[in-house]
file input.cif (mmCIF, C-alpha atoms)
data_upload
#
loop_
_atom_site.group_PDB
_atom_site.id
_atom_site.type_symbol
_atom_site.label_atom_id
_atom_site.label_comp_id
_atom_site.auth_asym_id
_atom_site.auth_seq_id
_atom_site.Cartn_x
_atom_site.Cartn_y
_atom_site.Cartn_z
ATOM 1 C CA MET A 270 -19.762 18.527 -16.650
ATOM 2 C CA GLN A 271 -16.088 17.617 -16.371
ATOM 3 C CA LYS A 272 -14.812 16.416 -13.016
ATOM 4 C CA THR A 273 -11.928 18.430 -11.568
ATOM 5 C CA GLN A 274 -8.764 16.383 -11.209
ATOM 6 C CA ARG A 275 -7.362 15.755 -7.758
ATOM 7 C CA ILE A 276 -3.754 14.989 -6.968
ATOM 8 C CA ILE A 277 -1.923 14.196 -3.762
ATOM 9 C CA ARG A 278 1.637 15.444 -3.565
ATOM 10 C CA GLN A 279 4.259 16.233 -0.963
ATOM 11 C CA ALA A 280 3.753 19.588 0.674
ATOM 12 C CA THR A 281 6.397 22.276 0.283
ATOM 13 C CA HIS A 282 7.156 25.464 2.168
ATOM 14 C CA VAL A 283 5.448 27.371 -0.648
ATOM 15 C CA ASP A 284 2.169 25.684 0.403
ATOM 16 C CA MET A 285 2.318 26.891 4.017
ATOM 17 C CA LYS A 286 -0.168 29.754 3.699
ATOM 18 C CA ASP A 287 -2.679 27.477 1.935
ATOM 19 C CA ILE A 288 -2.143 24.703 4.492
ATOM 20 C CA MET A 289 -2.766 27.058 7.401
ATOM 21 C CA MET A 290 -5.983 28.270 5.740
ATOM 22 C CA VAL A 291 -7.122 24.640 5.451
ATOM 23 C CA MET A 292 -6.256 24.111 9.143
ATOM 24 C CA MET A 293 -8.368 27.120 10.138
ATOM 25 C CA ALA A 294 -11.321 25.796 8.123
ATOM 26 C CA ALA A 295 -10.944 22.338 9.701
ATOM 27 C CA ARG A 296 -10.891 23.872 13.192
ATOM 28 C CA GLN A 297 -14.172 25.643 12.393
ATOM 29 C CA ILE A 298 -15.718 22.360 11.199
ATOM 30 C CA MET A 299 -14.688 20.744 14.486
ATOM 31 C CA ARG A 300 -16.184 23.542 16.588
ATOM 32 C CA SER A 301 -19.478 23.582 14.674
ATOM 33 C CA SER A 302 -19.831 19.799 15.103
ATOM 34 C CA GLY A 303 -19.351 19.940 18.887
ATOM 35 C CA ASN A 304 -15.647 19.071 18.995
ATOM 36 C CA LEU A 305 -14.624 22.013 21.165
ATOM 37 C CA HIS A 306 -11.243 20.920 22.514
ATOM 38 C CA GLN A 307 -9.255 19.277 19.717
ATOM 39 C CA TRP A 308 -6.759 21.489 17.890
ATOM 40 C CA ASP A 309 -6.897 24.369 20.323
ATOM 41 C CA ASP A 310 -4.056 26.760 21.174
ATOM 42 C CA GLY A 311 -2.972 27.102 17.546
ATOM 43 C CA TYR A 312 -2.399 23.405 16.909
ATOM 44 C CA PRO A 313 -1.220 22.322 14.439
ATOM 45 C CA SER A 314 1.335 25.098 14.160
ATOM 46 C CA GLU A 315 3.540 25.922 11.191
ATOM 47 C CA ASP A 316 6.431 24.298 13.090
ATOM 48 C CA ILE A 317 4.535 20.993 13.241
ATOM 49 C CA ILE A 318 3.744 21.160 9.518
ATOM 50 C CA VAL A 319 7.415 21.927 8.782
ATOM 51 C CA SER A 320 8.391 18.916 10.920
ATOM 52 C CA ASP A 321 6.023 16.727 8.846
ATOM 53 C CA MET A 322 7.665 18.047 5.671
ATOM 54 C CA GLU A 323 11.185 17.447 7.010
ATOM 55 C CA LYS A 324 10.206 13.796 7.567
ATOM 56 C CA ASN A 325 8.851 13.656 3.970
ATOM 57 C CA GLY A 326 5.439 13.097 5.543
ATOM 58 C CA GLY A 327 3.506 16.307 4.820
ATOM 59 C CA PHE A 328 1.030 15.996 1.928
ATOM 60 C CA VAL A 329 -1.531 18.199 0.255
ATOM 61 C CA LEU A 330 -4.522 17.261 -1.827
ATOM 62 C CA GLU A 331 -4.979 19.613 -4.747
ATOM 63 C CA GLU A 332 -8.168 20.027 -6.730
ATOM 64 C CA GLY A 333 -8.063 22.152 -9.834
ATOM 65 C CA GLY A 334 -4.592 23.366 -8.863
ATOM 66 C CA MET A 335 -5.720 24.594 -5.416
ATOM 67 C CA VAL A 336 -4.710 23.099 -2.066
ATOM 68 C CA VAL A 337 -7.964 21.857 -0.513
ATOM 69 C CA ALA A 338 -6.669 19.420 2.121
ATOM 70 C CA TYR A 339 -3.609 18.499 4.168
ATOM 71 C CA PHE A 340 -2.505 15.377 6.034
ATOM 72 C CA ALA A 341 0.599 13.830 7.552
ATOM 73 C CA PHE A 342 1.587 10.319 6.464
ATOM 74 C CA LEU A 343 4.489 9.207 8.636
ATOM 75 C CA ALA A 344 6.449 5.977 8.919
ATOM 76 C CA SER A 345 6.548 4.091 12.195
ATOM 77 C CA PRO A 346 7.391 4.114 14.961
ATOM 78 C CA GLU A 347 4.923 6.601 16.428
ATOM 79 C CA PRO A 348 6.109 7.183 20.024
ATOM 80 C CA THR A 349 2.608 7.798 21.379
ATOM 81 C CA TYR A 350 1.540 4.372 20.073
ATOM 82 C CA GLU A 351 4.049 2.450 22.200
ATOM 83 C CA LYS A 352 1.489 1.986 24.976
ATOM 84 C CA ILE A 353 -2.170 1.325 24.298
ATOM 85 C CA TYR A 354 -4.785 1.047 27.019
ATOM 86 C CA ASP A 355 -8.094 -0.816 27.223
ATOM 87 C CA GLY A 356 -7.259 -2.829 24.117
ATOM 88 C CA ARG A 357 -4.415 -3.844 21.826
ATOM 89 C CA TRP A 358 -3.158 -3.311 18.299
ATOM 90 C CA ILE A 359 -4.247 -5.848 15.687
ATOM 91 C CA ASP A 360 -0.574 -6.294 14.815
ATOM 92 C CA ASN A 361 2.195 -4.848 16.955
ATOM 93 C CA LYS A 362 5.187 -6.461 15.261
ATOM 94 C CA GLN A 363 5.249 -5.153 11.693
ATOM 95 C CA THR A 364 6.095 -1.638 10.549
ATOM 96 C CA TYR A 365 3.216 0.692 9.759
ATOM 97 C CA HIS A 366 2.389 4.213 8.692
ATOM 98 C CA VAL A 367 0.348 6.624 10.739
ATOM 99 C CA ILE A 368 -1.970 9.317 9.444
ATOM 100 C CA HIS A 369 -2.256 12.542 11.424
ATOM 101 C CA ARG A 370 -3.669 16.040 10.955
ATOM 102 C CA ILE A 371 -6.277 15.401 8.256
ATOM 103 C CA ALA A 372 -7.799 18.763 7.370
ATOM 104 C CA SER A 373 -9.922 20.040 4.501
ATOM 105 C CA TYR A 374 -12.413 22.694 3.528
ATOM 106 C CA PRO A 375 -16.053 21.922 4.402
ATOM 107 C CA ASP A 376 -17.231 21.939 0.785
ATOM 108 C CA VAL A 377 -14.617 19.410 -0.382
ATOM 109 C CA HIS A 378 -15.960 15.874 -0.232
ATOM 110 C CA HIS A 379 -14.381 12.386 -0.223
ATOM 111 C CA VAL A 380 -11.056 13.660 1.139
ATOM 112 C CA PHE A 381 -10.771 10.787 3.623
ATOM 113 C CA ARG A 382 -11.400 8.252 0.840
ATOM 114 C CA ASP A 383 -8.705 9.824 -1.342
ATOM 115 C CA ILE A 384 -6.224 9.841 1.548
ATOM 116 C CA MET A 385 -6.935 6.178 2.315
ATOM 117 C CA GLU A 386 -6.439 5.180 -1.333
ATOM 118 C CA PHE A 387 -3.104 6.989 -1.288
ATOM 119 C CA ALA A 388 -2.055 5.530 2.093
ATOM 120 C CA PHE A 389 -2.903 1.940 1.229
ATOM 121 C CA SER A 390 -1.075 2.267 -2.089
ATOM 122 C CA LYS A 391 2.076 2.892 0.002
ATOM 123 C CA ASP A 392 1.578 0.518 2.969
ATOM 124 C CA TYR A 393 -0.797 -2.275 3.968
ATOM 125 C CA ASN A 394 -0.649 -1.454 7.699
ATOM 126 C CA ILE A 395 -2.128 1.915 8.713
ATOM 127 C CA ARG A 396 -2.821 3.371 12.140
ATOM 128 C CA ILE A 397 -4.797 6.489 12.975
ATOM 129 C CA ASP A 398 -6.182 8.124 16.096
ATOM 130 C CA THR A 399 -8.716 10.814 16.878
ATOM 131 C CA HIS A 400 -10.254 12.825 19.686
ATOM 132 C CA ARG A 401 -13.236 11.320 21.490
ATOM 133 C CA ASP A 402 -15.362 14.321 20.443
ATOM 134 C CA ASN A 403 -14.399 14.123 16.762
ATOM 135 C CA HIS A 404 -17.455 12.176 15.617
ATOM 136 C CA ILE A 405 -16.934 13.127 11.961
ATOM 137 C CA MET A 406 -13.473 11.528 11.947
ATOM 138 C CA GLN A 407 -14.654 8.483 13.926
ATOM 139 C CA HIS A 408 -17.414 7.946 11.348
ATOM 140 C CA ASN A 409 -14.927 8.130 8.456
ATOM 141 C CA ILE A 410 -12.415 5.845 10.166
ATOM 142 C CA GLU A 411 -15.032 3.185 10.894
ATOM 143 C CA LYS A 412 -16.681 3.557 7.456
ATOM 144 C CA HIS A 413 -13.324 2.748 5.846
ATOM 145 C CA GLY A 414 -12.890 -0.514 7.745
ATOM 146 C CA PHE A 415 -10.535 0.424 10.564
ATOM 147 C CA THR A 416 -10.766 -1.531 13.813
ATOM 148 C CA TYR A 417 -10.929 0.290 17.137
ATOM 149 C CA CYS A 418 -7.918 -0.895 19.161
ATOM 150 C CA GLY A 419 -7.931 1.151 22.393
ATOM 151 C CA ILE A 420 -6.744 4.427 23.871
ATOM 152 C CA ILE A 421 -3.360 6.064 23.406
ATOM 153 C CA HIS A 422 -2.045 9.171 25.116
ATOM 154 C CA LEU A 423 -0.357 12.058 23.329
ATOM 155 C CA ALA A 424 2.862 13.541 24.704
ATOM 156 C CA SER A 425 0.643 16.159 26.396
ATOM 157 C CA GLY A 426 -1.224 13.371 28.203
ATOM 158 C CA ASP A 427 -4.456 13.895 26.231
ATOM 159 C CA GLU A 428 -6.200 10.660 25.262
ATOM 160 C CA ARG A 429 -7.077 9.598 21.746
ATOM 161 C CA LEU A 430 -9.077 6.733 20.301
ATOM 162 C CA ALA A 431 -6.720 4.528 18.295
ATOM 163 C CA TYR A 432 -7.506 2.454 15.193
ATOM 164 C CA GLN A 433 -5.646 0.154 12.837
ATOM 165 C CA LYS A 434 -6.329 -1.433 9.483
ATOM 166 C CA LEU A 435 -4.347 -4.153 7.744
ATOM 167 C CA LEU A 436 -4.947 -5.074 4.117
#
call {"tool": "encode", "arguments": {"input": "input.cif", "output": "structure tokens"}}
result
Amino acid sequence: MQKTQRIIRQATHVDMKDIMMVMMAARQIMRSSGNLHQWDDGYPSEDIIVSDMEKNGGFVLEEGGMVVAYFAFLASPEPTYEKIYDGRWIDNKQTYHVIHRIASYPDVHHVFRDIMEFAFSKDYNIRIDTHRDNHIMQHNIEKHGFTYCGIIHLASGDERLAYQKLL
């Protein structure tokens, strides 16, 4: 059986419908795993995805020509990472990239691995954060060698668990 090829490429406005379908599926995964409060009230919206694209930071993962995942890969600085509580960044001097809004369909596996391979091919210093109730994401982050650094607060005031990995 031949393995279907995957590619990661920059998202375009043409992808928006597919991206929003992936977001809906990811929201359902969160709810079914007990993460009831992350990504509520329509987050992430089309406007946020467009903002990622305008910063050249919106990416899709395609498998067999179909969009099966989305993520943002954005250059520093990340304003919400300026202050970290109950810990500290491994390195707070060098530039970094941040990964946000990872979303995929439930039957698509190894998405996090593929995103990390892509990210670390572009930068050696990656930061990521997640909701306290997002145990699936915490597992993936820790499995891929990230170090827990502390708590950051989003612009809304909501807290997130923050991680960093340096190659």
call {"tool": "residues_around", "arguments": {"input": "input.cif", "residues": "Asp355 (chain A)", "least_positions_apart": "3", "cutoff": "10 Å", "atoms": "only C-alpha atoms", "output": "tab-separated table (two decimals) with C-alpha atoms, in the frame of the given file"}}
result
chain	number	residue	atom	x	y	z
A	418	CYS	CA	-7.92	-0.90	19.16
A	419	GLY	CA	-7.93	1.15	22.39
A	420	ILE	CA	-6.74	4.43	23.87
A	421	ILE	CA	-3.36	6.06	23.41
call {"tool": "residues_around", "arguments": {"input": "input.cif", "residues": "region 394-410 of chain A", "least_positions_apart": "2", "cutoff": "8 Å", "atoms": "all atoms listed in the file", "output": "MDAnalysis selection string"}}
result
chainID A and resid 299 302:305 307 364:369 381 388:389 392 412:415 428:436
call {"tool": "closest_residue", "arguments": {"input": "input.cif", "among": "A:Ser373, A:Asn325, A:Ser301, A:Ser390", "to": "Val337 (chain A)", "atoms": "all atoms listed in the file"}}
result
A:Ser373
call {"tool": "closest_residue", "arguments": {"input": "input.cif", "among": "A:Ala372, A:Ala338, A:Leu423, A:Met289", "to": "Ile353 (chain A)", "atoms": "all atoms listed in the file"}}
result
A:Leu423
call {"tool": "resolve_selection", "arguments": {"input": "input.cif", "expression": "the PyMOL selection byres ((chain A and resi 275) around 12)", "output": "ChimeraX atom specification"}}
result
/A:272-274,276-278,329-338,377-380,383-384,387
call {"tool": "atom_distance", "arguments": {"input": "input.cif", "atom1": "CA of Ser345 (chain A)", "atom2": "CA of Glu411 (chain A)"}}
result
21.6 Å
call {"tool": "closest_residue", "arguments": {"input": "input.cif", "among": "A:Met322, A:Lys286, A:Asp427, A:Ile359", "to": "Phe340 (chain A)", "atoms": "only C-alpha atoms"}}
result
A:Met322
call {"tool": "decode", "arguments": {"input": "input.cif", "residues": "region 378-410 of chain A", "atoms": "N, CA, C and O atoms", "output": "mmCIF file, in the first residue's frame"}}
result
data_model
loop_
_atom_site.group_PDB
_atom_site.id
_atom_site.type_symbol
_atom_site.label_atom_id
_atom_site.label_comp_id
_atom_site.auth_asym_id
_atom_site.auth_seq_id
_atom_site.Cartn_x
_atom_site.Cartn_y
_atom_site.Cartn_z
ATOM 1 N N HIS A 378 -3.132 11.357 11.690
ATOM 2 C CA HIS A 378 -2.164 11.124 12.753
ATOM 3 C C HIS A 378 -0.802 11.734 12.432
ATOM 4 O O HIS A 378 -0.478 11.993 11.285
ATOM 5 N N HIS A 379 -0.010 11.972 13.464
ATOM 6 C CA HIS A 379 1.364 12.479 13.376
ATOM 7 C C HIS A 379 1.446 13.913 12.846
ATOM 8 O O HIS A 379 2.487 14.331 12.341
ATOM 9 N N VAL A 380 0.370 14.669 12.998
ATOM 10 C CA VAL A 380 0.362 16.065 12.558
ATOM 11 C C VAL A 380 1.365 16.880 13.372
ATOM 12 O O VAL A 380 2.142 17.656 12.817
ATOM 13 N N PHE A 381 1.360 16.705 14.694
ATOM 14 C CA PHE A 381 2.272 17.467 15.541
ATOM 15 C C PHE A 381 3.726 17.185 15.144
ATOM 16 O O PHE A 381 4.528 18.110 15.025
ATOM 17 N N ARG A 382 4.052 15.936 14.917
ATOM 18 C CA ARG A 382 5.408 15.561 14.490
ATOM 19 C C ARG A 382 5.787 16.284 13.197
ATOM 20 O O ARG A 382 6.885 16.839 13.077
ATOM 21 N N ASP A 383 4.878 16.266 12.223
ATOM 22 C CA ASP A 383 5.164 16.911 10.940
ATOM 23 C C ASP A 383 5.363 18.417 11.106
ATOM 24 O O ASP A 383 6.249 19.010 10.486
ATOM 25 N N ILE A 384 4.550 19.031 11.958
ATOM 26 C CA ILE A 384 4.674 20.469 12.210
ATOM 27 C C ILE A 384 6.009 20.770 12.885
ATOM 28 O O ILE A 384 6.687 21.742 12.534
ATOM 29 N N MET A 385 6.410 19.945 13.835
ATOM 30 C CA MET A 385 7.688 20.168 14.521
ATOM 31 C C MET A 385 8.865 20.006 13.566
ATOM 32 O O MET A 385 9.824 20.794 13.618
ATOM 33 N N GLU A 386 8.822 19.024 12.691
ATOM 34 C CA GLU A 386 9.891 18.858 11.696
ATOM 35 C C GLU A 386 9.994 20.104 10.826
ATOM 36 O O GLU A 386 11.086 20.606 10.551
ATOM 37 N N PHE A 387 8.853 20.613 10.396
ATOM 38 C CA PHE A 387 8.824 21.833 9.596
ATOM 39 C C PHE A 387 9.392 23.010 10.402
ATOM 40 O O PHE A 387 10.278 23.732 9.932
ATOM 41 N N ALA A 388 8.882 23.203 11.624
ATOM 42 C CA ALA A 388 9.274 24.347 12.447
ATOM 43 C C ALA A 388 10.767 24.360 12.728
ATOM 44 O O ALA A 388 11.435 25.392 12.574
ATOM 45 N N PHE A 389 11.308 23.206 13.122
ATOM 46 C CA PHE A 389 12.724 23.151 13.458
ATOM 47 C C PHE A 389 13.626 23.159 12.224
ATOM 48 O O PHE A 389 14.827 23.368 12.358
ATOM 49 N N SER A 390 13.054 22.990 11.047
ATOM 50 C CA SER A 390 13.841 23.184 9.824
ATOM 51 C C SER A 390 13.986 24.675 9.510
ATOM 52 O O SER A 390 14.840 25.065 8.726
ATOM 53 N N LYS A 391 13.161 25.508 10.156
ATOM 54 C CA LYS A 391 13.172 26.957 9.920
ATOM 55 C C LYS A 391 13.822 27.736 11.057
ATOM 56 O O LYS A 391 14.313 28.840 10.856
ATOM 57 N N ASP A 392 13.785 27.205 12.280
ATOM 58 C CA ASP A 392 14.316 27.905 13.453
ATOM 59 C C ASP A 392 14.695 26.871 14.503
ATOM 60 O O ASP A 392 14.073 25.811 14.587
ATOM 61 N N TYR A 393 15.690 27.187 15.312
ATOM 62 C CA TYR A 393 16.136 26.260 16.355
ATOM 63 C C TYR A 393 15.515 26.588 17.713
ATOM 64 O O TYR A 393 15.733 25.883 18.687
ATOM 65 N N ASN A 394 14.752 27.681 17.781
ATOM 66 C CA ASN A 394 14.190 28.174 19.033
ATOM 67 C C ASN A 394 12.685 28.341 18.853
ATOM 68 O O ASN A 394 12.239 29.260 18.176
ATOM 69 N N ILE A 395 11.912 27.413 19.444
ATOM 70 C CA ILE A 395 10.461 27.393 19.246
ATOM 71 C C ILE A 395 9.765 27.497 20.595
ATOM 72 O O ILE A 395 10.152 26.845 21.566
ATOM 73 N N ARG A 396 8.725 28.317 20.627
ATOM 74 C CA ARG A 396 7.868 28.429 21.805
ATOM 75 C C ARG A 396 6.446 28.053 21.415
ATOM 76 O O ARG A 396 6.027 28.258 20.273
ATOM 77 N N ILE A 397 5.718 27.538 22.403
ATOM 78 C CA ILE A 397 4.337 27.122 22.183
ATOM 79 C C ILE A 397 3.616 27.197 23.523
ATOM 80 O O ILE A 397 4.255 27.096 24.581
ATOM 81 N N ASP A 398 2.322 27.409 23.487
ATOM 82 C CA ASP A 398 1.547 27.407 24.727
ATOM 83 C C ASP A 398 0.236 26.666 24.488
ATOM 84 O O ASP A 398 -0.166 26.460 23.346
ATOM 85 N N THR A 399 -0.399 26.274 25.583
ATOM 86 C CA THR A 399 -1.674 25.579 25.467
ATOM 87 C C THR A 399 -2.517 25.768 26.719
ATOM 88 O O THR A 399 -1.999 26.148 27.773
ATOM 89 N N HIS A 400 -3.775 25.497 26.591
ATOM 90 C CA HIS A 400 -4.739 25.584 27.681
ATOM 91 C C HIS A 400 -4.467 24.479 28.694
ATOM 92 O O HIS A 400 -4.085 23.369 28.325
ATOM 93 N N ARG A 401 -4.702 24.773 29.943
ATOM 94 C CA ARG A 401 -4.488 23.803 31.024
ATOM 95 C C ARG A 401 -5.309 22.520 30.815
ATOM 96 O O ARG A 401 -4.889 21.434 31.212
ATOM 97 N N ASP A 402 -6.469 22.632 30.188
ATOM 98 C CA ASP A 402 -7.328 21.467 29.973
ATOM 99 C C ASP A 402 -7.029 20.711 28.682
ATOM 100 O O ASP A 402 -7.675 19.706 28.388
ATOM 101 N N ASN A 403 -6.084 21.213 27.893
ATOM 102 C CA ASN A 403 -5.768 20.561 26.618
ATOM 103 C C ASN A 403 -4.682 19.503 26.844
ATOM 104 O O ASN A 403 -3.509 19.692 26.521
ATOM 105 N N HIS A 404 -5.105 18.377 27.397
ATOM 106 C CA HIS A 404 -4.164 17.308 27.748
ATOM 107 C C HIS A 404 -3.554 16.651 26.512
ATOM 108 O O HIS A 404 -2.407 16.191 26.565
ATOM 109 N N ILE A 405 -4.293 16.604 25.414
ATOM 110 C CA ILE A 405 -3.760 16.037 24.175
ATOM 111 C C ILE A 405 -2.557 16.864 23.706
ATOM 112 O O ILE A 405 -1.500 16.325 23.380
ATOM 113 N N MET A 406 -2.723 18.185 23.695
ATOM 114 C CA MET A 406 -1.625 19.057 23.249
ATOM 115 C C MET A 406 -0.461 19.008 24.239
ATOM 116 O O MET A 406 0.707 18.934 23.820
ATOM 117 N N GLN A 407 -0.745 19.009 25.539
ATOM 118 C CA GLN A 407 0.334 18.926 26.525
ATOM 119 C C GLN A 407 1.151 17.647 26.317
ATOM 120 O O GLN A 407 2.384 17.681 26.366
ATOM 121 N N HIS A 408 0.461 16.543 26.067
ATOM 122 C CA HIS A 408 1.152 15.267 25.825
ATOM 123 C C HIS A 408 2.078 15.384 24.614
ATOM 124 O O HIS A 408 3.243 14.962 24.663
ATOM 125 N N ASN A 409 1.570 15.934 23.515
ATOM 126 C CA ASN A 409 2.387 16.080 22.305
ATOM 127 C C ASN A 409 3.577 17.003 22.532
ATOM 128 O O ASN A 409 4.691 16.711 22.092
ATOM 129 N N ILE A 410 3.342 18.116 23.202
ATOM 130 C CA ILE A 410 4.419 19.078 23.460
ATOM 131 C C ILE A 410 5.536 18.412 24.266
ATOM 132 O O ILE A 410 6.710 18.512 23.921
#
